[in-house]
Structure formats: structure tokens, C-alpha cells
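Text of protein28.cif, listed as mmCIF, C-alpha atoms and all ligand atoms:
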```cif
data_entry
loop_
_atom_site.label_atom_id
_atom_site.label_comp_id
_atom_site.auth_asym_id
_atom_site.auth_seq_id
_atom_site.Cartn_x
_atom_site.Cartn_y
_atom_site.Cartn_z
CA MET A 282 26.93 -6.79 -19.49
CA ASN A 283 23.37 -7.11 -18.21
CA GLN A 284 20.79 -4.43 -18.85
CA PHE A 285 20.80 -1.90 -15.98
CA SER A 286 23.89 -3.33 -14.24
CA ALA A 287 25.31 0.18 -14.72
CA PHE A 288 23.57 3.42 -15.65
CA GLN A 289 24.32 7.13 -15.75
CA PRO A 290 22.74 9.50 -13.17
CA CYS A 291 19.12 10.28 -14.02
CA THR A 292 15.88 11.55 -12.52
CA ILE A 293 12.77 9.45 -11.93
CA PRO A 294 9.58 11.60 -11.67
CA LEU A 295 7.60 9.10 -9.46
CA PRO A 296 3.81 8.76 -9.19
CA SER A 297 1.69 10.18 -6.34
CA SER A 298 0.63 8.05 -3.39
CA LYS A 299 -2.59 6.09 -3.95
CA SER A 300 -3.04 5.70 -0.19
CA GLU A 301 -3.03 9.45 0.40
CA SER A 302 -5.14 10.06 -2.71
CA ASN A 303 -7.87 7.61 -1.75
CA ARG A 304 -8.14 9.10 1.73
CA ALA A 305 -8.26 12.64 0.35
CA LEU A 306 -11.04 11.61 -2.06
CA ILE A 307 -13.25 10.05 0.64
CA ILE A 308 -12.73 13.04 2.91
CA ASP A 309 -13.48 15.35 -0.02
CA ALA A 310 -16.75 13.49 -0.63
CA LEU A 311 -17.65 14.00 3.05
CA THR A 312 -16.75 17.72 3.10
CA GLU A 313 -19.47 20.35 2.78
CA GLY A 314 -17.83 22.96 0.56
CA GLU A 315 -15.13 22.80 -2.06
CA ASN A 316 -11.66 21.35 -1.55
CA HIS A 317 -8.75 21.74 -3.93
CA LEU A 318 -6.96 18.42 -4.30
CA HIS A 319 -3.66 18.43 -6.17
CA ASN A 320 -1.42 15.63 -7.46
CA LEU A 321 -4.01 12.86 -7.18
CA ALA A 322 -2.50 9.50 -8.15
CA GLU A 323 -2.64 8.11 -11.67
CA ALA A 324 -2.96 4.66 -10.00
CA ARG A 325 -5.93 2.60 -11.20
CA ASP A 326 -7.02 2.24 -7.55
CA THR A 327 -7.37 6.03 -7.32
CA GLN A 328 -8.86 6.50 -10.78
CA THR A 329 -11.48 3.89 -9.85
CA MET A 330 -12.29 5.78 -6.66
CA ILE A 331 -12.63 9.06 -8.61
CA ARG A 332 -14.91 7.47 -11.20
CA LEU A 333 -17.17 5.72 -8.69
CA LEU A 334 -17.59 8.82 -6.54
CA LYS A 335 -18.32 10.95 -9.59
CA GLU A 336 -20.67 8.63 -11.48
CA ASN A 337 -22.26 7.20 -8.33
CA PRO A 338 -23.47 3.96 -10.01
CA PRO A 339 -25.71 1.52 -8.07
CA VAL A 340 -22.85 -1.03 -8.13
CA TYR A 341 -19.41 0.01 -6.92
CA ASP A 342 -17.05 -2.32 -8.80
CA VAL A 343 -13.69 -1.55 -7.21
CA LEU A 344 -11.73 -4.08 -9.35
CA ASP A 345 -8.72 -5.11 -7.24
CA ALA A 346 -8.40 -2.02 -5.03
CA GLY A 347 -8.45 -2.90 -1.32
CA THR A 348 -8.67 0.66 0.01
CA THR A 349 -11.37 1.55 -2.50
CA MET A 350 -13.47 -1.44 -1.37
CA ARG A 351 -13.06 -0.83 2.35
CA PHE A 352 -13.34 2.98 2.27
CA LEU A 353 -16.40 2.98 -0.05
CA THR A 354 -18.20 0.40 2.11
CA ALA A 355 -18.01 2.74 5.11
CA TYR A 356 -18.77 5.77 2.90
CA ALA A 357 -21.92 4.18 1.41
CA ALA A 358 -23.12 3.37 4.94
CA VAL A 359 -22.57 6.83 6.43
CA THR A 360 -24.09 8.61 3.44
CA ASN A 361 -27.14 6.35 3.74
CA GLN A 362 -26.94 4.89 0.26
CA HIS A 363 -28.06 1.58 -1.22
CA LYS A 364 -25.02 0.14 -2.96
CA VAL A 365 -23.64 -3.19 -4.07
CA LEU A 366 -19.88 -3.43 -3.66
CA THR A 367 -17.91 -5.94 -5.66
CA GLY A 368 -14.55 -6.46 -7.35
CA THR A 369 -12.28 -8.99 -9.03
CA ALA A 370 -12.37 -12.68 -8.10
CA ARG A 371 -9.39 -12.03 -5.82
CA MET A 372 -11.14 -9.07 -4.18
CA CYS A 373 -13.99 -11.44 -3.34
CA GLU A 374 -11.46 -13.62 -1.47
CA ARG A 375 -10.10 -10.71 0.61
CA PRO A 376 -11.82 -10.52 4.03
CA ILE A 377 -14.09 -7.63 4.98
CA GLY A 378 -16.11 -9.19 7.84
CA ILE A 379 -14.34 -7.21 10.58
CA LEU A 380 -15.34 -3.91 8.96
CA VAL A 381 -18.89 -5.08 8.21
CA ASP A 382 -19.37 -6.25 11.83
CA ALA A 383 -18.19 -2.87 13.14
CA LEU A 384 -20.47 -0.95 10.76
CA ARG A 385 -23.42 -3.15 11.72
CA GLU A 386 -22.74 -2.45 15.40
CA ILE A 387 -22.77 1.26 14.63
CA GLY A 388 -26.16 0.79 12.93
CA ALA A 389 -25.57 0.09 9.23
CA GLU A 390 -27.55 -2.55 7.37
CA ILE A 391 -25.21 -4.68 5.27
CA HIS A 392 -25.80 -8.09 3.64
CA TYR A 393 -23.37 -10.51 2.06
CA LEU A 394 -24.37 -11.51 -1.46
CA ASN A 395 -22.20 -14.59 -1.69
CA SER A 396 -19.92 -15.73 1.15
CA GLU A 397 -20.23 -14.55 4.73
CA GLY A 398 -17.32 -12.19 5.50
CA TYR A 399 -16.33 -11.43 1.89
CA PRO A 400 -17.44 -9.20 -0.98
CA PRO A 401 -19.73 -8.87 -2.86
CA LEU A 402 -21.98 -7.12 -0.38
CA ALA A 403 -25.02 -4.87 -0.32
CA VAL A 404 -25.01 -1.77 1.88
CA HIS A 405 -28.42 -0.35 2.79
CA GLY A 406 -27.28 2.75 4.64
CA LEU A 407 -27.24 3.71 8.29
CA GLN A 408 -30.59 5.11 9.49
CA GLU A 409 -29.77 5.61 13.12
CA GLN A 410 -26.54 5.31 15.10
CA LYS A 411 -26.92 2.41 17.52
CA SER A 412 -23.53 2.61 19.17
CA GLY A 413 -20.79 5.21 19.55
CA ARG A 414 -18.28 2.71 20.84
CA VAL A 415 -16.90 -0.21 18.86
CA SER A 416 -14.09 -2.75 19.39
CA ILE A 417 -12.14 -3.90 16.37
CA ARG A 418 -9.29 -6.38 15.77
CA GLY A 419 -6.18 -4.64 14.50
CA ASP A 420 -4.22 -7.58 13.14
CA VAL A 421 -5.96 -8.33 9.83
CA SER A 422 -6.06 -5.01 7.95
CA SER A 423 -5.66 -1.42 9.11
CA GLN A 424 -7.89 -0.38 6.20
CA TYR A 425 -10.99 -1.30 8.26
CA ILE A 426 -9.86 1.12 10.97
CA SER A 427 -9.03 3.89 8.48
CA ALA A 428 -12.44 3.43 6.81
CA LEU A 429 -14.25 3.80 10.15
CA LEU A 430 -12.14 6.77 11.25
CA MET A 431 -12.82 8.78 8.11
CA ILE A 432 -16.60 8.46 8.46
CA SER A 433 -16.68 8.90 12.26
CA PRO A 434 -16.87 12.74 12.39
CA LYS A 435 -20.10 12.45 10.35
CA LEU A 436 -21.75 10.11 12.89
CA PRO A 437 -24.17 11.90 15.26
CA GLN A 438 -22.36 10.45 18.32
CA GLY A 439 -18.88 10.38 16.77
CA LEU A 440 -16.93 7.19 17.45
CA GLN A 441 -14.79 5.64 20.13
CA LEU A 442 -12.77 2.87 18.51
CA GLU A 443 -11.08 0.29 20.76
CA LEU A 444 -8.26 -1.52 18.96
CA GLU A 445 -7.99 -5.13 20.09
CA GLY A 446 -4.76 -7.14 20.14
CA LYS A 447 -1.80 -6.57 17.84
CA VAL A 448 -2.26 -3.62 15.46
CA GLY A 449 -0.61 -3.97 12.05
CA SER A 450 0.08 -1.29 9.42
CA LYS A 451 -0.12 1.35 12.18
CA THR A 452 1.58 3.91 9.95
CA TYR A 453 -1.47 3.81 7.66
CA ILE A 454 -3.78 4.59 10.60
CA GLU A 455 -1.51 7.50 11.47
CA MET A 456 -1.69 8.64 7.84
CA THR A 457 -5.51 8.60 8.05
CA ILE A 458 -5.47 10.69 11.23
CA GLN A 459 -3.02 13.17 9.66
CA LEU A 460 -5.16 13.47 6.53
CA MET A 461 -8.28 14.07 8.65
CA LYS A 462 -6.33 16.73 10.53
CA ALA A 463 -5.33 18.41 7.26
CA PHE A 464 -9.09 18.80 6.64
CA GLY A 465 -9.73 20.21 10.10
CA VAL A 466 -10.86 17.09 12.00
CA GLU A 467 -9.25 16.01 15.30
CA ALA A 468 -8.85 12.36 16.30
CA ILE A 469 -7.32 11.51 19.66
CA TRP A 470 -5.32 8.26 19.82
CA GLU A 471 -4.35 7.16 23.33
CA ASN A 472 -3.13 3.62 24.02
CA ASN A 473 -5.66 1.35 22.29
CA THR A 474 -8.44 3.89 21.89
CA ILE A 475 -9.08 6.37 19.11
CA ILE A 476 -11.79 8.97 19.75
CA VAL A 477 -13.39 11.16 17.10
CA ALA A 478 -16.12 13.61 18.14
CA PRO A 479 -18.82 14.69 15.65
CA GLN A 480 -17.16 17.39 13.54
CA LYS A 481 -17.21 18.93 10.08
CA TYR A 482 -14.42 18.52 7.57
CA GLN A 483 -13.19 22.00 6.59
CA PRO A 484 -12.66 22.80 2.90
CA THR A 485 -8.95 23.14 2.16
CA THR A 486 -6.19 22.76 -0.41
CA PHE A 487 -4.33 19.46 -0.23
CA SER A 488 -1.44 18.18 -2.29
CA VAL A 489 -0.62 14.46 -2.42
CA GLU A 490 3.03 13.45 -1.90
CA SER A 491 5.03 11.19 -4.21
CA ASP A 492 4.65 7.49 -3.51
CA TRP A 493 7.24 5.90 -1.21
CA SER A 494 6.08 2.35 -2.04
CA GLY A 495 6.72 3.03 -5.73
CA ALA A 496 10.06 4.66 -4.84
CA SER A 497 11.23 1.47 -3.12
CA TYR A 498 11.85 -0.29 -6.47
CA TRP A 499 14.32 2.41 -7.52
CA PHE A 500 16.19 2.09 -4.22
CA SER A 501 16.39 -1.64 -4.93
CA LEU A 502 17.69 -1.02 -8.46
CA VAL A 503 20.53 1.14 -7.11
CA ALA A 504 21.32 -1.50 -4.46
CA CYS A 505 21.51 -4.26 -7.10
CA ALA A 506 23.41 -2.35 -9.83
CA GLU A 507 27.22 -2.28 -10.04
CA LYS A 508 27.15 1.45 -10.70
CA GLY A 509 24.31 3.95 -10.76
CA GLU A 510 22.83 7.09 -9.29
CA LEU A 511 19.19 8.18 -9.28
CA PHE A 512 17.30 11.27 -8.21
CA LEU A 513 13.74 10.53 -7.05
CA LYS A 514 11.53 13.58 -7.38
CA GLY A 515 8.94 14.80 -4.91
CA LEU A 516 9.81 12.60 -1.92
CA LYS A 517 9.82 14.15 1.52
CA GLU A 518 12.06 12.88 4.32
CA ASN A 519 9.31 13.33 6.91
CA SER A 520 6.52 11.61 5.08
CA LEU A 521 3.01 10.55 6.06
CA GLN A 522 3.87 7.22 4.44
CA GLY A 523 5.36 4.43 6.55
CA ASP A 524 7.09 2.96 3.48
CA SER A 525 9.65 5.77 3.81
CA LYS A 526 11.32 3.16 6.13
CA ILE A 527 12.93 1.98 2.90
CA VAL A 528 15.62 4.68 3.44
CA GLU A 529 16.78 3.02 6.67
CA ILE A 530 16.64 -0.49 5.20
CA MET A 531 18.46 0.41 1.98
CA ASP A 532 21.14 2.27 3.93
CA LYS A 533 22.11 -1.20 5.21
CA LEU A 534 21.83 -2.74 1.74
CA GLY A 535 24.17 -0.31 0.00
CA VAL A 536 22.14 2.80 -0.87
CA LYS A 537 22.99 6.26 0.43
CA SER A 538 20.06 8.76 0.47
CA GLU A 539 20.57 12.53 0.42
CA PHE A 540 17.45 14.72 0.61
CA ASN A 541 16.99 18.21 -0.76
CA ALA A 542 13.88 20.36 -1.27
CA ASP A 543 12.98 18.55 -4.55
CA GLY A 544 13.47 14.92 -3.57
CA VAL A 545 16.20 12.42 -2.74
CA LYS A 546 19.46 11.45 -4.44
CA LEU A 547 20.42 7.77 -4.27
CA THR A 548 24.04 6.70 -4.62
CA LYS A 549 25.85 3.47 -3.94
CA GLN A 550 27.75 2.85 -0.72
CA PRO A 551 29.24 -0.35 0.75
CA ILE A 552 26.68 -2.83 2.17
CA LYS A 553 26.58 -2.44 5.95
CA GLY A 554 24.66 -5.70 6.51
CA PHE A 555 20.96 -6.27 7.06
CA GLU A 556 20.10 -9.08 9.45
CA ALA A 557 16.43 -8.85 10.33
CA PHE A 558 13.43 -6.59 9.94
CA ASP A 559 9.85 -6.52 11.17
CA PHE A 560 7.52 -5.46 8.31
CA THR A 561 4.35 -5.22 10.46
CA HIS A 562 3.95 -1.52 9.77
CA CYS A 563 5.29 -1.40 6.19
CA PRO A 564 4.09 -4.65 4.56
CA ASP A 565 4.15 -3.29 0.99
CA ILE A 566 7.96 -3.03 0.89
CA ALA A 567 8.58 -6.62 2.07
CA GLN A 568 8.72 -7.94 -1.53
CA THR A 569 11.13 -5.16 -2.60
CA VAL A 570 13.48 -5.97 0.27
CA ALA A 571 13.26 -9.76 -0.18
CA VAL A 572 14.23 -9.52 -3.85
CA THR A 573 17.02 -7.03 -3.08
CA CYS A 574 18.53 -9.33 -0.43
CA ALA A 575 18.30 -12.30 -2.81
CA ILE A 576 20.20 -10.37 -5.49
CA VAL A 577 22.89 -8.66 -3.38
CA GLY A 578 23.67 -11.84 -1.41
CA GLN A 579 22.29 -10.77 1.97
CA LYS A 580 20.80 -13.47 4.19
CA ALA A 581 18.07 -11.90 6.38
CA VAL A 582 15.16 -12.71 8.68
CA PHE A 583 11.70 -11.29 7.85
CA THR A 584 8.92 -11.00 10.43
CA GLY A 585 5.57 -9.17 10.46
CA VAL A 586 4.68 -10.50 7.00
CA GLU A 587 1.47 -12.38 7.92
CA SER A 588 -0.78 -9.86 6.14
CA LEU A 589 1.02 -10.56 2.84
CA ARG A 590 -1.09 -13.70 2.47
CA ILE A 591 -4.33 -11.70 2.00
CA LYS A 592 -3.19 -8.98 -0.38
CA GLU A 593 -3.45 -8.92 -4.21
CA THR A 594 -2.20 -12.52 -4.10
CA ASP A 595 -0.66 -14.72 -1.42
CA ARG A 596 2.59 -12.76 -1.58
CA ILE A 597 4.52 -15.27 0.56
CA PHE A 598 3.74 -18.11 -1.84
CA ALA A 599 4.38 -15.89 -4.88
CA LEU A 600 7.78 -14.77 -3.52
CA GLN A 601 8.79 -18.35 -2.74
CA GLN A 602 7.90 -19.53 -6.26
CA GLU A 603 9.64 -16.72 -8.11
CA LEU A 604 12.77 -16.44 -5.91
CA ALA A 605 13.33 -20.18 -6.44
CA LYS A 606 13.70 -19.50 -10.19
CA PHE A 607 17.10 -17.93 -9.51
CA ASN A 608 18.04 -20.22 -6.64
CA ALA A 609 17.06 -18.00 -3.72
CA ASP A 610 14.80 -19.19 -0.94
CA PHE A 611 12.24 -17.67 1.44
CA VAL A 612 11.84 -20.33 4.12
CA GLU A 613 9.49 -20.30 7.10
CA THR A 614 12.08 -21.18 9.76
CA GLU A 615 9.61 -20.79 12.67
CA LYS A 616 5.92 -19.92 12.62
CA ASP A 617 5.61 -16.51 10.89
CA VAL A 618 9.42 -16.08 10.74
CA PHE A 619 10.95 -16.24 7.26
CA THR A 620 14.61 -16.51 6.35
CA LEU A 621 15.73 -15.18 3.00
CA ILE A 622 18.56 -17.27 1.58
CA PRO A 623 20.16 -15.36 -1.31
CA SER A 624 20.84 -16.65 -4.78
CA VAL A 625 24.09 -18.55 -5.29
CA ASN A 626 23.75 -19.30 -8.96
CA MET A 627 22.08 -16.96 -11.42
CA PRO A 628 20.50 -18.54 -14.56
CA ASN A 629 20.98 -16.84 -17.94
CA GLN A 630 17.28 -16.00 -18.14
CA VAL A 631 14.42 -15.81 -15.63
CA ARG A 632 10.70 -15.55 -16.43
CA ILE A 633 8.74 -13.96 -13.57
CA HIS A 634 5.08 -14.79 -13.10
CA THR A 635 3.25 -11.85 -11.47
CA TYR A 636 0.07 -13.39 -9.95
CA ASP A 637 -2.11 -10.29 -10.73
CA ASP A 638 0.08 -8.41 -8.25
CA HIS A 639 1.66 -5.10 -9.29
CA ARG A 640 4.28 -5.43 -6.55
CA MET A 641 5.51 -8.78 -7.91
CA ALA A 642 6.27 -7.16 -11.28
CA MET A 643 7.98 -4.11 -9.80
CA ALA A 644 9.90 -5.91 -7.04
CA PHE A 645 11.52 -8.32 -9.53
CA MET A 646 12.51 -5.59 -12.02
CA PRO A 647 15.98 -5.08 -10.38
CA LEU A 648 16.86 -8.66 -11.33
CA MET A 649 17.55 -7.07 -14.74
CA THR A 650 20.89 -5.92 -13.26
CA LYS A 651 22.05 -9.56 -13.14
CA THR A 652 20.36 -11.53 -15.92
CA ARG A 653 17.84 -11.45 -18.73
CA VAL A 654 14.38 -11.09 -17.23
CA ILE A 655 10.92 -11.57 -18.71
CA ILE A 656 8.14 -10.12 -16.55
CA GLU A 657 4.78 -11.69 -17.39
CA ASP A 658 1.74 -9.40 -17.64
CA PRO A 659 3.76 -6.20 -17.20
CA GLU A 660 0.60 -3.98 -17.26
CA VAL A 661 -0.21 -5.36 -13.82
CA VAL A 662 1.71 -2.31 -12.51
CA ASN A 663 -1.27 -0.09 -13.47
CA LYS A 664 -2.86 -0.72 -10.08
CA SER A 665 -0.45 1.67 -8.37
CA TYR A 666 2.19 2.84 -10.88
CA PRO A 667 1.05 2.96 -14.54
CA SER A 668 4.18 4.84 -15.69
CA PHE A 669 6.60 2.35 -14.09
CA TRP A 670 7.98 0.86 -17.34
CA LYS A 671 8.09 4.30 -18.98
CA HIS A 672 10.23 5.46 -16.06
CA LEU A 673 12.53 2.47 -16.55
CA GLU A 674 12.97 3.58 -20.17
CA ILE A 675 14.42 6.88 -18.90
CA LEU A 676 17.23 4.73 -17.53
CA SER A 677 17.65 2.71 -20.75
CA SER A 678 18.45 5.89 -22.61
CA ASN A 679 21.10 6.68 -19.98
CA ILE A 680 23.13 3.44 -20.04
O1 LIG B 1 -4.51 2.09 4.08
C1 LIG B 1 -3.81 1.93 3.07
O2 LIG B 1 -3.69 2.81 2.20
C2 LIG B 1 -3.06 0.66 2.92
C3 LIG B 1 -2.86 -0.16 4.01
C4 LIG B 1 -2.09 -1.42 3.95
O3 LIG B 1 -3.01 -2.49 4.02
P1 LIG B 1 -3.30 -3.32 5.37
O4 LIG B 1 -3.75 -2.38 6.41
O5 LIG B 1 -4.35 -4.27 4.94
O6 LIG B 1 -2.00 -3.97 5.75
C5 LIG B 1 -1.28 -1.52 2.67
O7 LIG B 1 -0.83 -2.84 2.49
C6 LIG B 1 -2.08 -1.09 1.45
O8 LIG B 1 -1.31 -1.16 0.29
C7 LIG B 1 -2.54 0.33 1.58
C1 LIG B 2 -2.02 -4.22 -0.68
C2 LIG B 2 -2.10 -3.22 -1.56
O1 LIG B 2 -3.24 -2.52 -1.88
P1 LIG B 2 -4.76 -2.74 -1.45
O2 LIG B 2 -4.79 -3.53 -0.17
O3 LIG B 2 -5.31 -1.38 -1.28
O4 LIG B 2 -5.41 -3.49 -2.57
C3 LIG B 2 -0.87 -2.74 -2.23
O5 LIG B 2 -0.93 -1.74 -2.95
O6 LIG B 2 0.20 -3.37 -2.08
#
```
Once you've parsed the file, please lay out its structure as C-alpha cells.
Amino acid sequence: MNQFSAFQPCTIPLPSSKSESNRALIIDALTEGENHLHNLAEARDTQTMIRLLKENPPVYDVLDAGTTMRFLTAYAAVTNQHKVLTGTARMCERPIGILVDALREIGAEIHYLNSEGYPPLAVHGLQEQKSGRVSIRGDVSSQYISALLMISPKLPQGLQLELEGKVGSKTYIEMTIQLMKAFGVEAIWENNTIIVAPQKYQPTTFSVESDWSGASYWFSLVACAEKGELFLKGLKENSLQGDSKIVEIMDKLGVKSEFNADGVKLTKQPIKGFEAFDFTHCPDIAQTVAVTCAIVGQKAVFTGVESLRIKETDRIFALQQELAKFNADFVETEKDVFTLIPSVNMPNQVRIHTYDDHRMAMAFMPLMTKTRVIIEDPEVVNKSYPSFWKHLEILSSNI
């Protein structure tokens, strides 16, 4: 029998959300007065944000944390600081020009230190607000919009943000607005315009929820196992996190979810069939769902995955390479439309390359229900979920 093809009921504690944590930390840094933040994430992305805000070095090296890079760029500008922002080689390939252009329009002085449109960059503060109204493309990364929103109450004229064209990862913009609201700041979002008047963040007590993106891998494990039941602690049914969509998706792929006050119980149910899904607003669970479909034998169409190409790695390419190792396919059948063709023949052993991407390591873990799996560079999970493998050990002791 393969490891994890069947396991006894057990509880997974889950980490806190790095997305909520990093927003709470920026807002905290912009609040006059003392907040009480609870449950901040153990994720490296959050620990990096904590360290940089605390130590305030002249160079913000964000490593591979996208939110930390984008949020700190806007933060350095609004707090009128001189900072260099840099990160890993991959971070310096992830675009930031849309955010820099918007900040320059508002009045910030920012220079690129290497390639136009990409980190590293030097922020020289924002002496005077030149414009209170800015247009911004919404189809590359919502993190630019979140970064601008969080600093906007501190701008003397506030900010009117016009979102141009298709807006991706909308749920993350909504999360930003909800977090701002939790700290007493109103943002009004009507059609394509978000308006934030000059306001003060109010000191408060805020507790970060468990991470739905991290939870998705455990849903996948239950879907792929022959027998198994898990309780995921700390998840809320009505979450600020768009990745809670995994409940609806996994309901079709054989996982029943039952919520109570402490979290959610996952049990197996017959597969109802999953034909197509648009991941525009929950891109981080696309890998989880692709691997699940490949393992459970569900052909499916994936759309809204364009942004996967500019994340920790080119996630489309990485998925295609690694799925092929167990005879599954992720084919671009039309422009930006991908069909997942499940595995028909499982090798006795698969070695998964992880491309410096935490989600590659975690998404392929459920393959352990079917064959022997070697995950290369397993510590890559530290970016969002350092205790991931320790949590898997809880299961090993319950087989
Ligand atoms: O704002 C956030 O916390 C995030 C937004 C998303 O990025 P994009 O807006 O670039 O899709 C997501 O992929 C990332 O993991 C976290
Ligand atoms: C894309 C991710 O993070 P970021 O963009 O913040 O690096 C992620 O965690 O999957």
C-alpha cells in the first residue's frame, strides 16, 4: 500500500494567512497608536515583513515575497523614506512597473537600479501629492492595487483609483478593503472606481485567520486517498480569503466539508465531476486542483491562469513538466485555456522538481497516496507554510 493512501482521522493545526498578516503589518506601521495583532503567520514572507519594518534597514531585501515587495514599495514612498528594494533573482524578474508608474503619478520619486519595470529599485519618498486620481491596469497583479489602497488614507488628498480592463485576484482587493475597515478606514468600491478619503487608521485588536491556501493541500490529500478524514483547525466558512473556494471545488472532486466553530471536517464522498473552473480570483489554488484532477482521473478545463506565469516560477511550465512525470498533461487547447488530462499510468516512483516554488512542493504531496514520491528541496515550503512537513508527520503516525 502507498504511504497516505489510507489514514485514520486526525487534526491538522494549519498556519495563519500570510496575505492577511502582511496587510495587518503594513496597516499597523501606518497606525498612530498601538494595535494588538494576534496569530501573525510563521511564513517567511511575513517574518521578512516583520523584520524589515522593525529593523528599518536602508535596503529592504524581501527575498521571494511578492506582497512584501509591493506593499513595502508603497509604504516607503508614503512614509517619505529613502530605501532600496530588492529580492531574489526571481523577484527581480517579477514586474512592478505598474505600481511604480502609479506611485510616480501620485508624486513619489522612484528609480530603477537595473531593468526598467523590475526590482531592484530606489524609492526617494513622496514630498508632495501631485495627483489624487490614478488609473491602473488590473490584469497583472492585484498586489499593486492593494499596496496603493493601504497607503491612500495617509495621502493628503486621499486617492481615487480607476481600475482599467479585466481585474484579476479581486478577492485579494476585497481582503485589503476589509482589513482597512477592521482598522477603521472606509474605502468605497463602485464599478471600476475605488475611493479612499484621507483618514486615520484606528488602533485595534486583530486576529489573523488560518490560511485557506495552505488548507487546500489537505483537501487534495483527502480527495486522492482511498480512505481518510481530516479536521482542519481555525478555518472560517465566511473567510476574507478567496482561496476558500476550494470547498466548492473539492465538493465536486470527492471531499465533503462540515464546518463547526473550531474549523472544518473533511470526509470522502463520491466524485460529482468537475468540468471547468476559472481561477482568475483564486490563482494560488490552481496547482492544487490540477494535481488533484490528475490523480483522481478527472479531465477538466482551467481558465484564468495567466498570472501563474509571473509568480514564484512560471507555474504553467512547472506544472506541465512535473505532471508529465506521471503521464498527466496540462495542454493549452486554446489561447489561455488549459485542459488537464489525468494520469493513465502511474510509475513506481516520481521525483518532483519544485522550481523555488512552495506551491509546487505542497501541491504534489498528495501524489504520495498513489506512488513513491521524492520532493526536491522540501524546505521551499517555508515561504508560506514552514510546518507543512511536520503536519504531514501527524498523519504518518495515524496510518
Ligand atoms: O495580495 C495578496 O496577498 C496576494 C495576491 C495574489 O497575487 P496577484 O494579485 O499577483 O495574483 C496571490 O497570488 C498572492 O499569493 C497573494
Ligand atoms: C504568488 C504567491 O505569493 P507572492 O506573489 O506574494 O510572492 C503565492 O504565495 O503563491
Spatial neighbours of Leu502 of chain A, 8 Å, all atoms listed in the file, chain gap at least 4 places, as a PyMOL selection string: chain A and resi 498+506+646-647+650
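Distance annotation: of A:Ile656, A:Ile379, A:Ala468, A:Val618, the residue with the minimal separation from ligand LIG 1 (chain B) is A:Ile379; atom set is all atoms listed in the file.
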Hey, which residues come within 10 Å of ligand LIG 1 (chain B) if we count only C-alpha atoms and all ligand atoms? Could you give them as number ranges by chain? A: 298-304, 346-349, 351-352, 375-376, 419-428, 448-457, 494, 522-524, 560-566, 586-589, 591-593, 640, 665
Let me know the centre plus edge lengths, in Å and rounded to one decimal, of a box with edges along x, y and z that contains all listed atoms of ligand LIG 2 (chain B) and is padded by 8 Å on every side, as lines of an AutoDock Vina configuration file.
```
center_x = -2.6
center_y = -2.8
center_z = -1.6
size_x = 21.6
size_y = 18.8
size_z = 18.8
```
So which one's closest to Ile675 of chain A, A:Cys291, A:Leu444, A:Cys505, A:Ile476? Using all atoms listed in the file, please. A:Cys291
Point out the residue among A:Leu321, A:Leu344, A:Ala389, A:Leu534 with the least atom-to-atom distance to ligand LIG 2 (chain B), counting all atoms listed in the file.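 Closest to ligand LIG 2 (chain B), using all atoms listed in the file: A:Leu344.
Minimum atom-to-atom distances from A:Met643, A:Ile458, A:Ile655, A:Val536 to ligand LIG 2 (chain B) were compared using all atoms listed in the file, and the lowest value belongs to A:Met643.
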Nearest residue to Arg385 of chain A out of A:Thr652, A:Gln408, A:Ser520, A:Thr594, using all atoms listed in the file? A:Gln408
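Across the model, the gap from atom CA of Leu513 of chain A to atom CA of Leu676 of chain A is 12.5 Å.
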Using all atoms listed in the file, can you list as a PyMOL selection string the residues within 10 Å of (-16.6, 5.6, 20.5)? chain A and resi 387+412-416+433+438-443+474-478
Polymer residues at most 9 Å from Ile391 of chain A, only C-alpha atoms, same-chain spacing of 4 or more positions, as a list in words: Ala358, Val381, Asp382, Leu384, Arg385, Leu402, Ala403, Val404, His405 and Gly406 of chain A
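Of the listed residues (A:Glu613, A:Glu529, A:Glu386, A:Glu336), A:Glu386 comes nearest to Gln410 of chain A; the distances count only C-alpha atoms.
One finds atom CA of Tyr666 of chain A at 28.4 Å from atom CA of Pro484 of chain A.
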Compute the distance from (13.2, 9.4, -11.0) to each atom, counting all atoms listed in the file, keep the residues with any atom at most 7 Å away, and return them as a PyMOL selection string; use the coordinates of the file. chain A and resi 291-295+511-514
Just the number, please: distance in Å from atom CA of Val662 of chain A to atom CA of Leu547 of chain A, one decimal.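 According to the coordinates, atom CA of Val662 of chain A and atom CA of Leu547 of chain A are separated by 22.8 Å.
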Would you mind completing segment 540-552 of chain A so that it carries N, CA and C atoms, and writing it out as a JSON list (two decimals), in the coordinates of the input?
```json
[["chain", "number", "residue", "atom", "x", "y", "z"],
["A", 540, "PHE", "N", 18.66, 13.95, 0.91],
["A", 540, "PHE", "CA", 17.45, 14.72, 0.61],
["A", 540, "PHE", "C", 17.78, 16.17, 0.30],
["A", 541, "ASN", "N", 17.02, 16.76, -0.63],
["A", 541, "ASN", "CA", 16.99, 18.21, -0.76],
["A", 541, "ASN", "C", 15.52, 18.62, -0.94],
["A", 542, "ALA", "N", 15.27, 19.88, -1.23],
["A", 542, "ALA", "CA", 13.88, 20.36, -1.27],
["A", 542, "ALA", "C", 13.06, 19.67, -2.37],
["A", 543, "ASP", "N", 13.72, 19.13, -3.41],
["A", 543, "ASP", "CA", 12.98, 18.55, -4.55],
["A", 543, "ASP", "C", 12.82, 17.04, -4.49],
["A", 544, "GLY", "N", 13.57, 16.39, -3.61],
["A", 544, "GLY", "CA", 13.47, 14.92, -3.57],
["A", 544, "GLY", "C", 14.69, 14.32, -2.92],
["A", 545, "VAL", "N", 15.08, 13.11, -3.39],
["A", 545, "VAL", "CA", 16.20, 12.42, -2.74],
["A", 545, "VAL", "C", 17.14, 11.84, -3.80],
["A", 546, "LYS", "N", 18.45, 12.01, -3.53],
["A", 546, "LYS", "CA", 19.46, 11.45, -4.44],
["A", 546, "LYS", "C", 19.95, 10.13, -3.87],
["A", 547, "LEU", "N", 19.96, 9.09, -4.71],
["A", 547, "LEU", "CA", 20.42, 7.77, -4.27],
["A", 547, "LEU", "C", 21.76, 7.47, -4.92],
["A", 548, "THR", "N", 22.74, 7.12, -4.08],
["A", 548, "THR", "CA", 24.04, 6.70, -4.62],
["A", 548, "THR", "C", 24.44, 5.40, -3.95],
["A", 549, "LYS", "N", 25.42, 4.75, -4.52],
["A", 549, "LYS", "CA", 25.85, 3.47, -3.94],
["A", 549, "LYS", "C", 26.83, 3.70, -2.81],
["A", 550, "GLN", "N", 26.76, 2.84, -1.81],
["A", 550, "GLN", "CA", 27.75, 2.85, -0.72],
["A", 550, "GLN", "C", 27.98, 1.38, -0.35],
["A", 551, "PRO", "N", 29.02, 1.06, 0.40],
["A", 551, "PRO", "CA", 29.24, -0.35, 0.75],
["A", 551, "PRO", "C", 28.06, -0.90, 1.57],
["A", 552, "ILE", "N", 27.74, -2.18, 1.39],
["A", 552, "ILE", "CA", 26.68, -2.83, 2.17],
["A", 552, "ILE", "C", 27.11, -2.90, 3.63]]
```
